[in-house]
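Text of the file run-v7.csv, holding CSV, C-alpha atoms:
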```
chain,number,residue,atom,x,y,z
F,1,MET,CA,27.2,68.8,133.2
F,2,LYS,CA,25.5,72.2,134.0
F,3,VAL,CA,24.3,73.8,137.2
F,4,ARG,CA,20.6,73.9,137.4
F,5,THR,CA,19.0,77.3,137.9
F,6,SER,CA,15.5,76.3,138.8
F,7,ALA,CA,13.7,77.9,141.6
F,8,ALA,CA,14.5,74.9,143.8
F,9,ALA,CA,18.2,75.3,143.0
F,10,SER,CA,18.0,78.9,143.9
F,11,ILE,CA,16.4,78.1,147.3
F,12,MET,CA,19.2,75.6,148.0
F,13,ALA,CA,21.8,78.0,146.9
F,14,LEU,CA,20.6,80.1,149.6
F,15,GLY,CA,20.3,77.3,152.0
F,16,SER,CA,34.0,14.2,127.5
F,17,ALA,CA,37.7,12.6,127.5
F,18,SER,CA,38.5,13.2,123.8
F,19,ALA,CA,38.0,16.4,121.9
F,20,PHE,CA,38.4,14.9,118.4
F,21,THR,CA,37.6,11.5,116.7
F,22,PHE,CA,40.0,10.2,114.0
F,23,VAL,CA,38.6,7.8,111.4
F,24,PRO,CA,41.5,6.2,109.4
F,25,SER,CA,41.0,6.0,105.6
F,26,ARG,CA,43.0,2.8,105.3
F,27,LYS,CA,43.7,-0.3,107.5
F,28,ILE,CA,46.4,0.3,110.0
F,29,SER,CA,48.5,-2.6,111.2
F,30,SER,CA,48.7,-3.3,114.9
F,31,SER,CA,52.5,-2.7,114.7
F,32,SER,CA,52.0,0.7,113.1
F,33,TYR,CA,49.4,1.7,115.6
F,34,SER,CA,51.6,0.7,118.5
F,35,THR,CA,54.4,2.8,117.1
F,36,THR,CA,52.2,5.8,116.7
F,37,CYS,CA,50.9,5.6,120.2
F,38,LEU,CA,54.4,5.4,121.6
F,39,LYS,CA,55.5,8.4,119.7
F,40,MET,CA,52.6,10.5,120.6
F,41,GLY,CA,52.2,9.6,124.3
F,42,LEU,CA,49.0,8.7,126.0
F,43,PHE,CA,48.0,12.3,126.9
F,44,ASP,CA,49.5,14.3,124.1
F,45,GLY,CA,46.2,14.9,122.4
F,46,VAL,CA,44.6,16.0,125.7
F,47,LYS,CA,47.4,18.5,126.2
F,48,ASP,CA,47.0,19.9,122.7
F,49,ALA,CA,43.3,20.3,123.3
F,50,PHE,CA,43.7,22.2,126.5
F,51,SER,CA,46.6,24.4,125.3
F,52,ALA,CA,44.2,26.7,123.4
F,53,PRO,CA,45.2,30.4,123.5
F,54,ALA,CA,42.5,31.3,125.9
F,55,LEU,CA,43.7,28.7,128.4
F,56,GLU,CA,47.3,29.6,128.0
F,57,GLN,CA,46.6,33.0,129.5
F,58,SER,CA,44.7,31.6,132.5
F,59,THR,CA,46.1,32.2,136.0
F,60,LEU,CA,45.9,30.2,139.1
F,61,ASP,CA,46.4,31.0,142.7
F,62,ALA,CA,49.9,29.9,143.8
F,63,GLU,CA,48.7,27.8,146.7
F,64,ARG,CA,46.5,25.7,144.3
F,65,GLU,CA,49.3,24.8,141.8
F,66,THR,CA,49.5,21.1,141.0
F,67,PRO,CA,51.8,19.0,138.8
F,68,ILE,CA,49.2,18.9,136.1
F,69,ASP,CA,49.3,22.8,136.1
F,70,ARG,CA,53.0,22.8,135.5
F,71,TRP,CA,52.8,20.1,132.8
F,72,MET,CA,50.0,22.0,131.0
F,73,GLY,CA,52.1,25.2,131.2
F,74,TRP,CA,49.3,27.2,133.0
F,75,SER,CA,50.5,30.4,134.5
F,76,VAL,CA,50.6,30.7,138.3
F,77,LYS,CA,50.8,34.1,139.8
F,78,SER,CA,50.8,35.4,143.4
F,79,GLU,CA,48.3,38.0,144.5
F,80,ASP,CA,51.0,40.7,144.5
F,81,GLU,CA,51.9,39.8,140.9
F,82,MET,CA,48.3,40.0,139.8
F,83,GLN,CA,48.0,43.4,141.4
F,84,ALA,CA,51.2,44.6,139.7
F,85,SER,CA,49.8,43.4,136.4
F,86,GLY,CA,46.8,45.7,136.7
F,87,THR,CA,44.1,43.3,138.0
F,88,ALA,CA,43.7,45.3,141.3
F,89,ALA,CA,40.9,47.7,141.9
F,90,PRO,CA,41.2,51.1,140.3
F,91,SER,CA,43.0,53.7,142.5
F,92,ASP,CA,39.8,55.8,142.7
F,93,PHE,CA,37.6,53.0,143.8
F,94,ILE,CA,35.5,53.6,146.9
F,95,ASP,CA,33.3,50.8,148.2
F,96,SER,CA,29.7,52.0,148.2
F,97,MET,CA,28.6,49.0,150.3
F,98,ASP,CA,30.9,50.0,153.2
F,99,GLU,CA,29.0,52.1,155.8
F,100,ALA,CA,32.3,53.9,156.6
F,101,ASN,CA,32.0,55.7,153.3
F,102,TYR,CA,28.7,57.4,154.2
F,103,VAL,CA,28.1,60.6,156.2
F,104,SER,CA,24.9,61.7,158.0
F,105,VAL,CA,23.9,65.2,159.1
F,106,GLU,CA,20.8,66.9,160.5
F,107,LEU,CA,20.5,70.5,159.3
F,108,GLU,CA,18.0,73.3,159.5
F,109,LYS,CA,16.8,75.2,156.5
F,110,PRO,CA,18.1,77.1,154.6
F,111,MET,CA,21.0,74.7,154.6
F,112,GLY,CA,23.3,76.7,152.3
F,113,ILE,CA,24.0,73.8,149.9
F,114,VAL,CA,24.2,74.0,146.1
F,115,PHE,CA,23.4,70.7,144.4
F,116,GLU,CA,24.2,69.6,140.9
F,117,GLU,CA,22.9,66.7,138.9
F,118,ASN,CA,25.2,63.8,137.8
F,119,ASP,CA,25.6,62.8,134.2
F,120,GLU,CA,22.5,61.3,132.8
F,121,GLU,CA,23.9,57.7,132.7
F,122,PHE,CA,24.0,57.8,136.5
F,123,GLY,CA,21.2,60.0,137.8
F,124,GLY,CA,21.1,61.5,141.3
F,125,ILE,CA,22.6,64.7,142.6
F,126,PHE,CA,25.7,65.7,144.5
F,127,ILE,CA,27.0,68.7,146.4
F,128,LEU,CA,28.5,71.2,144.1
F,129,SER,CA,29.4,73.7,146.8
F,130,LEU,CA,28.6,75.0,150.3
F,131,THR,CA,27.7,78.6,150.9
F,132,GLU,CA,30.4,80.1,153.0
F,133,GLY,CA,29.1,80.8,156.5
F,134,GLY,CA,25.9,78.8,155.9
F,135,ILE,CA,24.5,76.2,158.1
F,136,ALA,CA,26.0,73.2,156.3
F,137,ASP,CA,29.4,75.0,156.1
F,138,LYS,CA,29.4,75.6,159.8
F,139,ASP,CA,28.3,72.1,160.6
F,140,GLY,CA,31.4,70.8,158.8
F,141,GLY,CA,30.1,67.3,158.1
F,142,LEU,CA,29.7,67.7,154.3
F,143,GLN,CA,32.0,68.5,151.5
F,144,PRO,CA,31.7,69.1,147.7
F,145,GLY,CA,31.3,65.9,145.7
F,146,ASP,CA,29.2,64.1,148.3
F,147,GLN,CA,26.4,62.1,146.7
F,148,LEU,CA,22.9,62.6,148.1
F,149,VAL,CA,21.4,59.2,149.0
F,150,SER,CA,18.4,60.0,151.3
F,151,VAL,CA,16.4,62.7,152.8
F,152,GLY,CA,14.9,61.6,156.1
F,153,PRO,CA,13.6,58.1,155.6
F,154,ASN,CA,13.2,58.6,151.9
F,155,LYS,CA,15.8,57.2,149.4
F,156,VAL,CA,16.5,59.7,146.7
F,157,ALA,CA,19.6,58.1,145.2
F,158,GLY,CA,19.3,58.1,141.4
F,159,MET,CA,16.4,60.5,141.3
F,160,ALA,CA,16.1,63.3,138.9
F,161,PHE,CA,17.3,66.7,140.1
F,162,ASP,CA,14.0,68.3,140.8
F,163,ASP,CA,12.6,65.2,142.6
F,164,ALA,CA,15.7,64.8,144.8
F,165,LEU,CA,15.9,68.4,145.7
F,166,GLY,CA,12.1,68.6,146.2
F,167,ALA,CA,12.4,66.0,149.0
F,168,ILE,CA,14.5,68.5,151.0
F,169,ILE,CA,12.2,71.4,150.3
F,170,ASP,CA,9.1,69.4,151.3
F,171,SER,CA,10.6,68.3,154.5
F,172,GLU,CA,8.7,69.7,157.5
F,173,ALA,CA,11.1,68.5,160.2
F,174,GLU,CA,12.9,71.2,162.2
F,175,LYS,CA,16.1,69.6,161.2
F,176,THR,CA,16.2,67.5,158.0
F,177,LYS,CA,18.4,64.4,158.1
F,178,LEU,CA,20.6,63.8,155.0
F,179,ILE,CA,22.7,60.7,154.2
F,180,LEU,CA,25.3,61.1,151.6
F,181,PHE,CA,27.9,58.8,150.0
F,182,ARG,CA,31.5,60.2,150.0
F,183,GLY,CA,32.6,59.1,146.6
F,184,ASN,CA,31.8,59.8,142.9
F,185,ALA,CA,28.8,58.8,140.9
F,186,LYS,CA,30.5,55.9,139.2
F,187,ASN,CA,31.3,54.2,142.5
F,188,LEU,CA,27.7,54.6,143.7
F,189,TYR,CA,25.8,53.9,140.5
F,190,GLY,CA,28.3,52.1,138.2
F,191,PRO,CA,28.8,48.3,137.9
F,192,THR,CA,30.5,48.1,141.3
F,193,GLY,CA,28.0,50.3,143.0
F,194,ALA,CA,25.7,49.4,145.9
F,195,SER,CA,22.6,47.4,145.2
F,196,GLN,CA,19.3,49.2,145.7
F,197,GLU,CA,18.3,46.5,148.3
F,198,TRP,CA,21.5,47.3,150.2
F,199,LEU,CA,20.8,51.0,150.1
F,200,THR,CA,17.2,50.6,151.3
F,201,ASP,CA,18.3,48.5,154.2
F,202,TYR,CA,21.1,50.9,155.1
F,203,ILE,CA,18.8,53.9,155.1
F,204,ALA,CA,16.2,52.1,157.1
F,205,GLY,CA,18.8,51.3,159.7
F,206,LYS,CA,19.8,54.9,160.0
F,207,ASN,CA,16.2,56.3,160.5
```

Mind turning this structure into structure tokens?
Amino acid sequence: MKVRTSAAASIMALGSASAFTFVPSRKISSSSYSTTCLKMGLFDGVKDAFSAPALEQSTLDAERETPIDRWMGWSVKSEDEMQASGTAAPSDFIDSMDEANYVSVELEKPMGIVFEENDEEFGGIFILSLTEGGIADKDGGLQPGDQLVSVGPNKVAGMAFDDALGAIIDSEAEKTKLILFRGNAKNLYGPTGASQEWLTDYIAGKN
């Protein structure tokens, strides 16, 4: 990741029941068949079929445990146990579909913000730094690491560096409204990130 040194950046720097079928190869007497059934048990074959390695590792909510679960040997874990075993959300997870994780400011230009582009896999830009004593710094609403989501009514999330920054430069408003996500690029653009539809609706509701 490198700091862009374009003219735009300089401006901003300033501002079934059975699983198998058995076909006997010889005639089995009824007495032998009965003995075999008694030894195996009515559901033994079913239990073997459902005791595959993948199912042995399945987990169930403790409140939904049934006798058949215990008979089959399926694991039952509580929510706390599951979190302790590493199934909880990562410690750095920030919900990008929670409005509480967004900030909004209205700033004059030059704003005194230096933006940087995210890694190519994500796109979009974020605040690298704030110029000391600049308008954004004095406002106090922004901080390094914030992800730029919109400029006025225009969504810029995921845009290339020049396009996203250009939206600020082209703004003719006395004070330009910016909406930013307070989290990293992975939380905004990764698998658990906000949908584009959600972002569009959120921005529209703020403008």

Open item on the list: At a cut-off of 9 Å, using all atoms listed in the file, what residues contact Glu106 of chain F? Leave out same-chain residues fewer than 3 positions from it and give the result as number ranges by chain.
Closed with: F: 175-178

- [ ] Using all atoms listed in the file, pick whichever of F:Leu199, F:Ala136, F:Leu107, F:Ala194 has the shortest atom-to-atom distance to Pro153 of chain F.
- [x]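 For Pro153 of chain F, the nearest of the given residues is F:Leu199.
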
- [ ] Quick one: pull the distance between atom CA of Ser91 of chain F and atom CA of Tyr202 of chain F, Å, one decimal.
- [x]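 Going from atom CA of Ser91 of chain F over to atom CA of Tyr202 of chain F covers 25.4 Å.
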
TODO: Could you tell me how far atom CA of Leu128 of chain F lies from atom CA of Pro144 of chain F, in Å and to one decimal?
DONE: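 Taking atom CA of Leu128 of chain F and atom CA of Pro144 of chain F, their separation equals 5.3 Å.
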
Task: Of the listed residues F:Phe181, F:Phe161, F:Tyr102, F:Phe126, that which approaches Val114 of chain F most closely, counting only C-alpha atoms - done: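 Checking each candidate against Val114 of chain F, we get F:Phe126 as the closest.
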
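Excluding Ser150 of chain F itself and any same-chain residue fewer than 5 positions from it, the protein and nucleic acid residues within 8 Å of it, counting all atoms listed in the file, are Lys155, Val156, Ala157, Leu178, Ile179, Leu180 and Ile203 of chain F.
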
Open item on the list: Please compute the atom CA of Met111 of chain F-atom CA of Lys138 of chain F distance, one decimal, in Å.
Closed with: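 Going from atom CA of Met111 of chain F over to atom CA of Lys138 of chain F, I get 9.9 Å.
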
Open item on the list: For a quick check of your reading of the model, name the residues lying within 9 Å of the coordinate (26.1, 56.5, 139.9), counting all atoms listed in the file, and write them as an MDAnalysis selection string.
Closed with: chainID F and resid 118:119 121:124 147 157:158 184:191 193

Open item on the list: I need the residue nearest Asp98 of chain F from this list: F:Thr200, F:Arg182, F:Met159, F:Gly205. Use all atoms listed in the file for the distance.
Closed with: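 Result for the nearest residue to Asp98 of chain F: F:Arg182.
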